[in-house]
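Novice: This structure is in structure tokens; I'll ask about it shortly.
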Amino acid sequence: QIHESSPLDLASEEPERLPCLRRLLQLGADVNAADKNGKTALLHALASSDSGQIHNTDSIRLLLEGGADVRAATKDGDTVFTYVIYLLGEMAYSYTEEEAEDIERFCFRVTQLLLAHGANPSECPASESLTHFCLKSFKDYFPLLRFLLESGAAYNCSLHGPSCWSGFHIAFEHLCWHLSRFDDETYSSDLIQKGQTLLELMMASSQAIQLPSNFEVNTSSCRFHGEKVQTLFCSLKQLERSPQALKHLCRVFIRQRLQPWPVGDKIKALPLPDRLKWYLLIDHAAAGHEDL
């Protein structure tokens with residue numbers, strides 16, 4: 001008890017201790033036992049994964065397969081996603097592009113494991129929500145955000161709805177803020193492209209659009225694409241107010257039936273016309289549907 005951690009906690013913290021971790025679980029160690037701070041072995045494994053050398057995906061997988069609770073939280077409120085969010089934030093301070101890619105790859109794999117075992121990335125508080133974090137910087141974390149949405153993650157707070165936090169509000173806020181401060185046309189075009197794709201991904205995840213009450217967007221300060229942002233907003237409001245079009249309902253239905261991720265690969269395998277596949281895919285980075 002010098003470390004105030006159990007043998008299981010210590011075994012979960014480094015990849016080299018995986019055989020020990022496996023043996024402890026085989027001997028009946030309580031996978032959800034918590035230390036005095038409320039930290040379980042799963043949280044120890046996640047917390048020990050840093051931007052250096054320790055990316056113990058196998059330990060995390062073993063704990064989850066052994067019944068580790070993905071809803072575990074410490075007394076300070078740290079959850080399984082606290083550590084993923086921290087690591088993603090570390091990407092900005094990575095010394096090399098390779099290090100940043102390693103962190104991104106690790107976070108993606110861990111998130112896949114957590115969601116496969118029932119973790120909810122869209123819960124409150126917002127500071128512990130991986131979906132909320134990715135939405136706030138969707139240009140930087142777009143692949144992970146797309147994975148979350150295509151795996152069924154809510155684009156609003158899953159506990160309180162859009163009155164708490166809304167993906168649509170965050171997306172437009174992010175667009176307007178960046179388009180009002182950066183005068184690089186290439187950067188702005190890429191941002192608006194990802195923003196449009198994100199909005200469609202959220203719209204295609206539910207039959208009824210859920211927006212915050214009195215939701216408005218001010219595009220007057222945008223240096224680029226102000227009219228485009230306003231058009232996207234008007235289209236969204238129109239979709240909220242009007243009866244849903246049949247093509248929208250069909251897209252929502254088909255994409256939901258093809259979950260979980262990767263939805264795109266499953267769409268490409270469908271016996272449908274290429275134009276319809278392109279509509280279902282929601283990928284504005286593609287010039288058309290030549291890759292289908």
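Ligands are numbered from 1 in the order shown, chains are lettered A, B, ... in the order of the structure tokens, and residues start at 1 in each chain.
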If you count only C-alpha atoms, which residues fall within 12 Å of Ile282 (chain A), apart from same-chain ones fewer than 4 positions away, as an MDAnalysis selection string?

Specialist: chainID A and resid 146 150 193:205 251:252 255 263:264 267:268 275:278 286:289

Novice: Excluding region 82-95 of chain A and its own-chain neighbours fewer than 6 positions away, which residues fall within 7 Å of it when counting only C-alpha atoms? Please give them as a list in words.

Specialist: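 That gives Leu46, Ala47, Asp50, Ser51, Ile103, Glu104, Cys107, Glu128 and Leu130 of chain A.
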
Novice: Next, dump the selected residues to file, keeping only C-alpha atoms, as a JSON list (two decimals), in the first residue's frame.

Specialist:
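The resulting file, selection31.json, is shown below:
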[["chain", "number", "residue", "atom", "x", "y", "z"],
["A", 46, "LEU", "CA", -6.06, 5.41, -19.03],
["A", 47, "ALA", "CA", -4.35, 7.91, -16.74],
["A", 50, "ASP", "CA", 0.71, 9.84, -21.85],
["A", 51, "SER", "CA", 2.26, 11.53, -24.85],
["A", 103, "ILE", "CA", -1.51, 10.17, -29.97],
["A", 104, "GLU", "CA", -4.41, 10.54, -32.39],
["A", 107, "CYS", "CA", -7.10, 7.99, -28.75],
["A", 128, "GLU", "CA", -15.91, 15.53, -19.58],
["A", 130, "LEU", "CA", -15.50, 13.81, -25.74]]

Novice: Take CA of Asn214 (chain A) and CA of Asn156 (chain A) and report the distance between them in Å, one decimal.

Specialist: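 Straight-line distance from CA of Asn214 (chain A) to CA of Asn156 (chain A) works out to 15.8 Å.
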
Novice: Report the residues of region 73-285 of chain A whose backbone DSSP state falls under alpha helix (DSSP H), written as a PyMOL selection string.

Specialist: chain A and resi 80-90+97-116+130-136+142-150+167-179+185-203+226-241+246-257+263-268+274-281

Novice: Pick the closest to Ser122 (chain A) from A:Pro212, A:Pro262, A:Gly161, A:Pro143: which is it, counting only C-alpha atoms?

Specialist: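 Closest to Ser122 (chain A) of all the choices is A:Gly161.
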
Novice: Residues within 8 Å of region 65-81 of chain A, please, as an mmCIF file with N, CA and C atoms, in the first residue's frame. Count only C-alpha atoms; anything in the same chain fewer than 6 positions from it doesn't count.

Specialist:
data_model
loop_
_atom_site.group_PDB
_atom_site.id
_atom_site.type_symbol
_atom_site.label_atom_id
_atom_site.label_comp_id
_atom_site.auth_asym_id
_atom_site.auth_seq_id
_atom_site.Cartn_x
_atom_site.Cartn_y
_atom_site.Cartn_z
ATOM 1 N N LEU A 25 -6.498 -11.047 -13.037
ATOM 2 C CA LEU A 25 -7.907 -11.165 -13.405
ATOM 3 C C LEU A 25 -8.348 -12.624 -13.412
ATOM 4 N N VAL A 31 -12.221 -6.330 -10.791
ATOM 5 C CA VAL A 31 -11.822 -5.400 -11.852
ATOM 6 C C VAL A 31 -12.347 -3.990 -11.602
ATOM 7 N N ASN A 32 -13.390 -3.849 -10.773
ATOM 8 C CA ASN A 32 -13.972 -2.531 -10.526
ATOM 9 C C ASN A 32 -13.679 -1.997 -9.125
ATOM 10 N N ASN A 37 -9.289 7.358 -3.924
ATOM 11 C CA ASN A 37 -9.740 8.490 -4.733
ATOM 12 C C ASN A 37 -10.846 8.110 -5.720
ATOM 13 N N GLY A 38 -11.250 6.838 -5.666
ATOM 14 C CA GLY A 38 -12.302 6.389 -6.559
ATOM 15 C C GLY A 38 -11.801 5.927 -7.914
ATOM 16 N N LYS A 39 -10.495 5.800 -8.073
ATOM 17 C CA LYS A 39 -9.913 5.424 -9.366
ATOM 18 C C LYS A 39 -9.819 3.910 -9.482
ATOM 19 N N THR A 40 -10.459 3.360 -10.501
ATOM 20 C CA THR A 40 -10.414 1.928 -10.761
ATOM 21 C C THR A 40 -9.191 1.587 -11.617
ATOM 22 N N LEU A 42 -9.197 0.489 -14.605
ATOM 23 C CA LEU A 42 -9.388 1.051 -15.947
ATOM 24 C C LEU A 42 -8.960 2.512 -15.984
ATOM 25 N N LEU A 43 -9.342 3.273 -14.978
ATOM 26 C CA LEU A 43 -8.943 4.683 -14.928
ATOM 27 C C LEU A 43 -7.431 4.829 -14.723
ATOM 28 N N LEU A 46 -5.876 4.249 -18.166
ATOM 29 C CA LEU A 46 -6.064 5.412 -19.034
ATOM 30 C C LEU A 46 -5.197 6.583 -18.579
ATOM 31 N N LEU A 114 -13.953 1.893 -25.803
ATOM 32 C CA LEU A 114 -14.870 2.411 -24.781
ATOM 33 C C LEU A 114 -16.311 2.421 -25.283
ATOM 34 N N HIS A 117 -18.015 -0.894 -25.435
ATOM 35 C CA HIS A 117 -18.419 -1.421 -24.127
ATOM 36 C C HIS A 117 -19.398 -0.490 -23.412
ATOM 37 N N GLY A 118 -20.052 0.390 -24.194
ATOM 38 C CA GLY A 118 -21.179 1.150 -23.661
ATOM 39 C C GLY A 118 -20.899 2.528 -23.123
ATOM 40 N N ALA A 119 -19.695 3.052 -23.302
ATOM 41 C CA ALA A 119 -19.407 4.407 -22.809
ATOM 42 C C ALA A 119 -20.179 5.441 -23.614
ATOM 43 N N PRO A 121 -20.100 9.220 -24.849
ATOM 44 C CA PRO A 121 -19.204 10.374 -24.969
ATOM 45 C C PRO A 121 -19.913 11.718 -24.952
ATOM 46 N N GLU A 128 -16.258 16.947 -19.546
ATOM 47 C CA GLU A 128 -15.914 15.531 -19.579
ATOM 48 C C GLU A 128 -16.496 14.839 -20.805
ATOM 49 N N SER A 129 -17.082 15.592 -21.714
ATOM 50 C CA SER A 129 -17.700 15.012 -22.904
ATOM 51 C C SER A 129 -16.727 15.037 -24.072
ATOM 52 N N LEU A 130 -16.402 13.874 -24.601
ATOM 53 C CA LEU A 130 -15.501 13.810 -25.740
ATOM 54 C C LEU A 130 -16.155 14.406 -26.982
#

Novice: Can you work out which one of A:Ser49, A:Ser188, A:Gln259, A:Ser213 has the shortest atom-to-atom distance to His169 (chain A), counting only C-alpha atoms?

Specialist: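 Ranking A:Ser49, A:Ser188, A:Gln259, A:Ser213 by distance to His169 (chain A), first place goes to A:Ser213.
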